[in-house]
Each structure stands twice: as structure tokens, then as C-alpha cells.
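Engineer: What follows is my_file-v9.csv, CSV, C-alpha atoms.
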```csv
chain,number,residue,atom,x,y,z
A,245,ARG,CA,4.8,-0.7,-3.5
A,246,SER,CA,5.8,-4.2,-2.5
A,247,VAL,CA,4.1,-7.4,-1.3
A,248,THR,CA,5.7,-9.9,1.1
A,249,TYR,CA,4.7,-13.6,1.3
A,250,ARG,CA,5.9,-15.8,4.1
A,251,LEU,CA,6.0,-19.5,3.3
A,252,THR,CA,6.4,-22.1,6.0
A,253,VAL,CA,8.0,-25.4,5.0
A,254,THR,CA,7.5,-28.4,7.4
A,255,LEU,CA,9.4,-31.6,6.7
A,256,PRO,CA,9.6,-35.1,8.2
A,257,GLU,CA,12.6,-35.9,10.3
A,258,GLY,CA,15.5,-37.3,8.3
A,259,THR,CA,16.8,-36.3,4.8
A,260,THR,CA,14.5,-34.9,2.1
A,261,PRO,CA,16.5,-35.1,-1.2
A,262,GLY,CA,16.2,-32.6,-4.0
A,263,LEU,CA,13.8,-30.3,-2.2
A,264,THR,CA,12.2,-27.7,-4.5
A,265,LEU,CA,9.8,-24.9,-3.6
A,266,THR,CA,7.8,-23.4,-6.5
A,267,ASP,CA,5.8,-20.2,-5.9
A,268,THR,CA,3.5,-18.7,-8.6
A,269,LEU,CA,3.0,-15.0,-8.0
A,270,PRO,CA,-0.3,-13.4,-9.1
A,271,PRO,CA,-0.1,-11.5,-12.4
A,272,GLY,CA,1.2,-8.0,-11.9
A,273,LEU,CA,3.8,-8.8,-9.2
A,274,ASP,CA,7.5,-8.9,-10.1
A,275,PHE,CA,9.8,-11.1,-7.9
A,276,VAL,CA,12.5,-9.1,-6.0
A,277,SER,CA,14.1,-11.4,-3.5
A,278,ALA,CA,13.8,-14.5,-1.3
A,279,THR,CA,15.1,-14.9,2.3
A,280,VAL,CA,15.3,-18.1,4.3
A,281,ASP,CA,14.6,-18.0,8.0
A,282,THR,CA,15.8,-21.0,10.0
A,283,THR,CA,14.8,-19.6,13.4
A,284,GLY,CA,13.6,-22.6,15.5
A,285,PHE,CA,14.6,-25.1,12.8
A,286,ALA,CA,16.7,-28.1,13.9
A,287,GLY,CA,18.6,-29.4,10.9
A,288,SER,CA,20.4,-28.2,7.8
A,289,VAL,CA,19.0,-26.3,4.8
A,290,ASP,CA,20.6,-24.2,2.1
A,291,THR,CA,19.8,-20.6,3.2
A,292,THR,CA,20.9,-19.2,-0.2
A,293,PRO,CA,19.3,-21.7,-2.6
A,294,PRO,CA,19.6,-21.2,-6.3
A,295,THR,CA,16.6,-19.3,-7.4
A,296,GLY,CA,15.1,-19.0,-10.9
A,297,THR,CA,12.1,-17.3,-12.5
A,298,SER,CA,9.9,-18.1,-15.5
A,299,GLY,CA,6.4,-17.3,-16.8
A,300,ASN,CA,4.7,-14.1,-17.8
A,301,ILE,CA,4.5,-11.4,-15.2
A,302,SER,CA,1.5,-9.7,-16.8
A,303,THR,CA,-0.7,-12.6,-17.8
A,304,THR,CA,-0.1,-16.0,-16.1
A,305,GLY,CA,2.1,-14.8,-13.3
A,306,GLU,CA,5.8,-15.1,-12.5
A,307,VAL,CA,7.0,-18.5,-11.3
A,308,VAL,CA,9.7,-18.5,-8.7
A,309,THR,CA,11.6,-21.7,-8.1
A,310,LEU,CA,14.0,-22.3,-5.2
A,311,ASP,CA,16.2,-25.4,-5.3
A,312,PHE,CA,17.3,-26.4,-1.8
A,313,GLY,CA,18.8,-29.7,-2.7
A,314,SER,CA,19.1,-32.3,0.1
A,315,THR,CA,17.6,-30.9,3.3
A,316,THR,CA,17.9,-32.6,6.7
A,317,VAL,CA,15.8,-32.4,9.8
A,318,THR,CA,17.3,-33.7,13.1
A,319,ASN,CA,15.9,-37.0,14.3
A,320,ASP,CA,14.9,-35.9,17.8
A,321,ASN,CA,11.1,-36.8,17.8
A,322,ASN,CA,10.3,-33.1,18.2
A,323,ALA,CA,7.7,-31.9,15.7
A,324,GLY,CA,8.1,-28.4,16.9
A,325,ASN,CA,11.4,-27.8,15.2
A,326,ASN,CA,10.8,-29.3,11.8
A,327,SER,CA,9.9,-26.1,10.0
A,328,PHE,CA,11.7,-23.2,8.3
A,329,ALA,CA,10.3,-20.2,6.5
A,330,VAL,CA,10.9,-18.5,3.2
A,331,THR,CA,10.0,-14.8,2.7
A,332,LEU,CA,9.3,-13.7,-0.8
A,333,ASP,CA,9.3,-10.0,-1.7
A,334,ALA,CA,7.6,-8.8,-4.9
A,335,ARG,CA,7.1,-5.4,-6.5
A,336,VAL,CA,3.7,-4.3,-7.6
A,337,LEU,CA,3.8,-3.2,-11.2
A,338,SER,CA,2.4,0.3,-12.0
A,339,SER,CA,0.0,-1.0,-14.6
A,340,GLU,CA,-3.8,-0.5,-14.5
A,341,SER,CA,-4.2,-3.4,-16.9
A,342,VAL,CA,-3.1,-5.9,-14.3
A,343,ASN,CA,-3.2,-4.0,-11.0
A,344,ASP,CA,-6.4,-2.0,-10.6
A,345,GLY,CA,-8.3,-1.9,-7.3
A,346,LEU,CA,-11.0,0.3,-8.9
A,347,PRO,CA,-14.0,0.3,-9.0
A,348,THR,CA,-13.9,-2.9,-6.9
A,349,ALA,CA,-11.2,-4.6,-5.0
A,350,GLN,CA,-9.1,-7.0,-7.0
A,351,THR,CA,-8.3,-10.5,-5.6
A,352,LYS,CA,-4.7,-11.7,-6.0
A,353,THR,CA,-4.0,-15.4,-5.4
A,354,ASN,CA,-0.5,-16.8,-4.7
A,355,THR,CA,0.1,-20.5,-5.1
A,356,VAL,CA,3.1,-22.4,-3.6
A,357,ALA,CA,4.0,-26.1,-4.2
A,358,LEU,CA,6.6,-28.4,-2.7
A,359,SER,CA,8.4,-31.3,-4.4
A,360,TYR,CA,11.4,-33.5,-3.9
A,361,THR,CA,13.3,-36.3,-5.5
A,362,GLY,CA,11.2,-39.5,-5.6
A,363,PHE,CA,8.0,-37.5,-4.8
A,364,SER,CA,4.7,-39.3,-5.3
A,365,GLY,CA,1.2,-39.1,-4.0
A,366,ALA,CA,-1.1,-36.1,-3.4
A,367,ALA,CA,0.3,-32.7,-4.3
A,368,VAL,CA,1.8,-30.6,-1.5
A,369,ASN,CA,0.6,-27.1,-2.1
A,370,ASP,CA,-1.2,-24.2,-0.6
A,371,THR,CA,-2.8,-20.9,-1.7
A,372,VAL,CA,-3.4,-17.5,-0.2
A,373,ALA,CA,-5.5,-14.7,-1.5
A,374,ALA,CA,-5.2,-11.0,-0.8
A,375,SER,CA,-7.3,-8.0,-2.0
A,376,PHE,CA,-5.7,-5.3,-4.1
A,377,VAL,CA,-7.2,-2.0,-3.2
A,378,GLU,CA,-6.5,1.7,-3.9
A,379,PRO,CA,-7.9,5.1,-3.0
A,380,ASP,CA,-9.7,7.4,-5.4
A,381,ILE,CA,-9.6,11.0,-4.1
A,382,GLU,CA,-12.0,13.8,-5.0
A,383,VAL,CA,-11.7,17.4,-3.6
A,384,THR,CA,-14.5,19.9,-3.7
A,385,LYS,CA,-14.4,23.6,-2.6
A,386,ALA,CA,-17.1,26.0,-1.6
A,387,MET,CA,-17.1,29.6,-0.4
A,388,SER,CA,-19.7,31.5,1.6
A,389,PRO,CA,-21.0,34.1,0.8
A,390,THR,CA,-20.8,33.7,-3.0
A,391,SER,CA,-22.2,37.1,-3.9
A,392,GLY,CA,-22.6,40.6,-2.6
A,393,ILE,CA,-19.1,40.5,-1.1
A,394,GLU,CA,-17.6,43.8,-0.1
A,395,ALA,CA,-14.2,44.9,1.1
A,396,GLY,CA,-13.4,43.6,4.6
A,397,ASP,CA,-16.1,40.9,4.6
A,398,THR,CA,-15.3,37.6,6.1
A,399,ILE,CA,-15.3,34.7,3.6
A,400,THR,CA,-15.6,31.1,4.7
A,401,VAL,CA,-13.9,28.5,2.6
A,402,THR,CA,-14.9,24.8,2.9
A,403,LEU,CA,-12.8,22.0,1.4
A,404,VAL,CA,-14.1,18.4,1.4
A,405,VAL,CA,-11.9,15.4,0.6
A,406,ASN,CA,-13.8,12.3,-0.4
A,407,ASN,CA,-12.2,8.9,-0.8
A,408,ASN,CA,-14.3,7.1,-3.4
A,409,GLY,CA,-11.9,4.2,-3.7
A,410,THR,CA,-11.6,0.7,-2.3
A,411,GLY,CA,-8.6,1.4,0.1
A,412,PRO,CA,-7.5,4.0,2.6
A,413,VAL,CA,-5.4,7.0,1.6
A,414,TYR,CA,-2.4,8.1,3.7
A,415,ASP,CA,0.0,11.0,3.8
A,416,VAL,CA,-2.5,13.5,2.5
A,417,VAL,CA,-1.4,17.1,1.9
A,418,LEU,CA,-4.1,19.6,0.9
A,419,THR,CA,-3.3,23.1,-0.3
A,420,ASP,CA,-5.4,26.1,-1.3
A,421,THR,CA,-3.6,29.1,-2.7
A,422,LEU,CA,-5.5,32.3,-2.0
A,423,ASN,CA,-6.1,34.6,-5.0
A,424,ASP,CA,-4.8,32.0,-7.5
A,425,GLY,CA,-5.7,33.9,-10.6
A,426,GLY,CA,-7.6,36.7,-8.8
A,427,THR,CA,-7.6,39.3,-6.0
A,428,LEU,CA,-10.5,38.2,-3.8
A,429,PHE,CA,-8.6,37.8,-0.5
A,430,ASP,CA,-6.5,40.2,1.5
A,431,THR,CA,-3.4,38.0,1.8
A,432,THR,CA,-1.8,40.3,4.3
A,433,THR,CA,-4.6,39.6,6.7
A,434,GLY,CA,-4.1,35.9,6.1
A,435,ALA,CA,-6.3,32.9,6.7
A,436,THR,CA,-7.8,31.9,10.0
A,437,GLU,CA,-8.2,28.2,10.9
A,438,GLY,CA,-11.7,27.0,11.2
A,439,THR,CA,-12.4,23.3,11.2
A,440,THR,CA,-9.4,20.9,11.0
A,441,PRO,CA,-9.8,17.1,11.4
A,442,GLY,CA,-7.9,15.8,14.4
A,443,ASN,CA,-5.3,13.9,12.3
A,444,PHE,CA,-4.3,17.0,10.3
A,445,SER,CA,-2.4,20.2,11.0
A,446,PHE,CA,-3.2,23.6,9.7
A,447,ASN,CA,-0.7,26.1,8.4
A,448,TYR,CA,-0.9,29.4,6.5
A,449,SER,CA,2.1,30.8,4.7
A,450,SER,CA,1.1,33.7,2.4
A,451,PRO,CA,-0.7,33.1,0.1
A,452,THR,CA,-1.2,29.3,0.7
A,453,VAL,CA,-3.2,27.4,3.2
A,454,THR,CA,-1.8,23.9,3.9
A,455,TYR,CA,-3.4,20.9,5.7
A,456,THR,CA,-1.0,18.1,6.4
A,457,MET,CA,-2.1,14.6,7.6
A,458,THR,CA,-0.1,13.8,10.8
A,459,SER,CA,-1.5,10.3,11.5
A,460,GLY,CA,-4.1,7.8,10.4
A,461,SER,CA,-5.8,7.8,7.0
A,462,ILE,CA,-9.0,8.6,5.2
A,463,ALA,CA,-10.8,5.2,4.9
A,464,ALA,CA,-12.4,3.9,1.8
A,465,GLY,CA,-15.8,5.6,1.5
A,466,GLY,CA,-14.7,8.2,4.1
A,467,MET,CA,-14.4,12.0,3.9
A,468,ALA,CA,-12.6,14.8,5.7
A,469,THR,CA,-13.9,18.4,5.9
A,470,PHE,CA,-11.8,21.5,6.4
A,471,THR,CA,-12.8,25.2,6.8
A,472,PHE,CA,-10.9,28.4,7.1
A,473,THR,CA,-11.8,32.1,6.8
A,474,GLY,CA,-10.3,35.0,5.0
A,475,VAL,CA,-11.0,38.7,4.5
A,476,ALA,CA,-12.1,40.3,1.3
A,477,HIS,CA,-9.4,42.5,-0.3
A,478,PRO,CA,-9.9,46.2,0.4
A,479,ASN,CA,-9.8,47.0,-3.3
A,480,ILE,CA,-12.4,44.5,-4.3
A,481,VAL,CA,-15.0,45.8,-6.7
```
Could you show the structure in this file as C-alpha cells?
Structural biologist:
Amino acid sequence: RSVTYRLTVTLPEGTTPGLTLTDTLPPGLDFVSATVDTTGFAGSVDTTPPTGTSGNISTTGEVVTLDFGSTTVTNDNNAGNNSFAVTLDARVLSSESVNDGLPTAQTKTNTVALSYTGFSGAAVNDTVAASFVEPDIEVTKAMSPTSGIEAGDTITVTLVVNNNGTGPVYDVVLTDTLNDGGTLFDTTTGATEGTTPGNFSFNYSSPTVTYTMTSGSIAAGGMATFTFTGVAHPNIV
């Protein structure tokens, strides 16, 4: 997965020499690219500034430095066109040691600072925090009846998906293969749809029942319940 930060730079009219933007990514994020957006900006700025990285991605965070050089804002007494934006894209490392949204959400703080030649006075910086979350899925299965089953009996299967995580889960596909390791069900009779959540579709292709999420998600702390019925195999003992 990736994370995108949008940084807005507002300058005074005239020339700002040696403009440098330094962004410190949270640990666990790996810098990918930077894009300069000058929409609505009146002036001149390097849209492909030299970009360097330093720091430790896993511990203190990767530091991204963009060197814009001299940047000019048109002297038109219009404060509404003194800003341009920088979009930073970063990749989320697949490492539980630095990126783990379980059992609680993890806060990720990004810090950006601006400097220029001859800079003095109070620091020009800002921070933004975002929560790193992830789903934690548990599936349970129950059948009814569980005993005294005879050939031709109807058996109801209930599947429950619980999201015990801190973030929603998307694109869920749930499958149940009849007679996986046994001969309980008559697969020629098939499976009959029972309860299907509104954002899932049901399909049976012998010998597998498949529920596919078609929209939405299962929220953190949420659950989804599915039922279908099958017929006991004629040769069941």
C-alpha cells in the first residue's frame, strides 16, 4: 500500500533564494516520488527539483529534501496566487516491527520544514498525524443439525466473518468446499442460498460455495453472517 502527503508552500511576493523543503516521513514509510503542482501559482518554481533522501526508514524515519533554488512569486499584490503544492508518495513497508495497526491503531506523524538562503527567525514547519490501521479476520463455521443426520436430510451451514481489527476489510472472498475430506453432502444436489449480506454475491460451483464482496467493507468490530443449505448424501452412514 502507499501513502500520499500533499504539502502546500506559500511564499511572499518577490524572490526567495535557495528554497529548500525537508519532509521527515514516519518510520516504516519508504519515499517513492515527489510531484510539484503549480496550479493557481503566479511565479516561477522548479517543478523537477533535485531530491535527496537520508535517515533510517525503520527507526527515525526517512528524510526527503527538495532543493528548489531561487523561487519567484509575481509582485501583483494578490495573496491568492502565492502558493504551490508538493505531493509526496511513499510505500508502506510490509514489516510488523514498524507498521502494526494491531491491537490498537498506530499513529504516524509526518513533519515538514521550509528553509531558504539567509533564513532567520522562528522555524517554518508543520506536522500531520494519521492513524495506521489494519483488519484482523476470523471465520467460524457451524452446521445444524450436528447429529442424527440421515440420507436426504437438509443441513444448514452458517459462516460468520468477524473483523477484530482496527480498520475495515475490503474485497472479501469467502469459500466453503463441500465434503472437503468427507462425504457428508450430496454435491449433485448442490447448495441452496440462504442468508447473504447485501454487499456480497452467492455462487455454487460443485463442490464449492463462494461469497464475493461486491461493494463496501466489513468495518472494524463488524461482522457478516452467511447461510446456505445442502442435502445429506444418500450413502451417508
Engineer: Between A:Ser459, A:Thr297, A:Thr268, A:Thr252, which one has atoms that come closest to Val413 of chain A, using all atoms listed in the file?
Structural biologist: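 Residue with the minimum atom-to-atom distance to Val413 of chain A: A:Ser459.
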Engineer: Provide the atom CA of Phe376 of chain A to atom CA of Val416 of chain A distance in Å, to one decimal place.
Structural biologist: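 Atom CA of Val416 of chain A lies 20.2 Å from atom CA of Phe376 of chain A.
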Engineer: Quick one: of A:Leu422, A:Val383, A:Val253, A:Leu428, who's nearest to Tyr448 of chain A, counting only C-alpha atoms?
Structural biologist: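 Counting only C-alpha atoms, the residue closest to Tyr448 of chain A is A:Leu422.
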Engineer: Check the smallest atom-to-atom distance from each of A:Val356, A:Phe470, A:Ile399, A:Gly434 to Ala373 of chain A using only C-alpha atoms, then report the winner.
Structural biologist: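 Result for the nearest residue to Ala373 of chain A: A:Val356.
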Engineer: Compile the contact shell of Gly466 of chain A as a compact mmCIF listing (two decimals) with C-alpha atoms, in the coordinates of the input: residues with an atom at most 8 Å away, counting all atoms listed in the file, same-chain residues fewer than 6 positions apart removed.
Structural biologist:
```
# COMPACT_ATOMS: atom_id res chain seq x y z
CA ASN A 406 -13.80 12.30 -0.40
CA ASN A 407 -12.20 8.90 -0.80
CA ASN A 408 -14.30 7.10 -3.40
```
Engineer: Please determine, counting all atoms listed in the file, which residue among A:Leu418, A:Val289, A:Leu263, A:Val276 has the shortest atom-to-atom distance to Gly313 of chain A.
Structural biologist: A:Leu263
Engineer: Have a look at A:Ser327, A:Ser298, A:Ser341, A:Thr419 and name the one nearest to Phe446 of chain A; count all atoms listed in the file.
Structural biologist: A:Thr419
Engineer: What gap, in Å, lies between atom CA of Glu306 of chain A and atom CA of Ser339 of chain A?
Structural biologist: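 The value is 15.4 Å.
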Engineer: Report, in Å with one decimal, the straight-line distance from atom CA of Gln350 of chain A to atom CA of Val405 of chain A.
Structural biologist: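 Between atom CA of Gln350 of chain A and atom CA of Val405 of chain A the gap is 23.8 Å.
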Engineer: Check the smallest atom-to-atom distance from each of A:Gly345, A:Pro270, A:Gly411, A:Pro256 to Val308 of chain A using only C-alpha atoms, then report the winner.
Structural biologist: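 Among the listed residues, the smallest separation from Val308 of chain A belongs to A:Pro270.
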Engineer: I want to know what sits within 7 Å of Gly409 of chain A, based on all atoms listed in the file, with residues of the same chain fewer than 2 positions away left out; could you give that as a list in words?
Structural biologist: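 In the requested format, the answer is Leu346, Pro347, Glu378, Pro379, Asp380, Asn407, Gly411, Ala464 and Gly465 of chain A.
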Engineer: Find the residues around Leu273 of chain A up to 12 Å (all atoms listed in the file counted), leave out those fewer than 6 positions away in its own chain, and share them as a PyMOL selection string.
Structural biologist: chain A and resi 245-249+299-308+332-339+342-343+352-354+376
Engineer: Can you tell me, as number ranges by chain, what residues are no more than 7 Å from Phe472 of chain A when counting all atoms listed in the file, ignoring any on the same chain fewer than 6 positions away?
Structural biologist: A: 400-402, 435-439
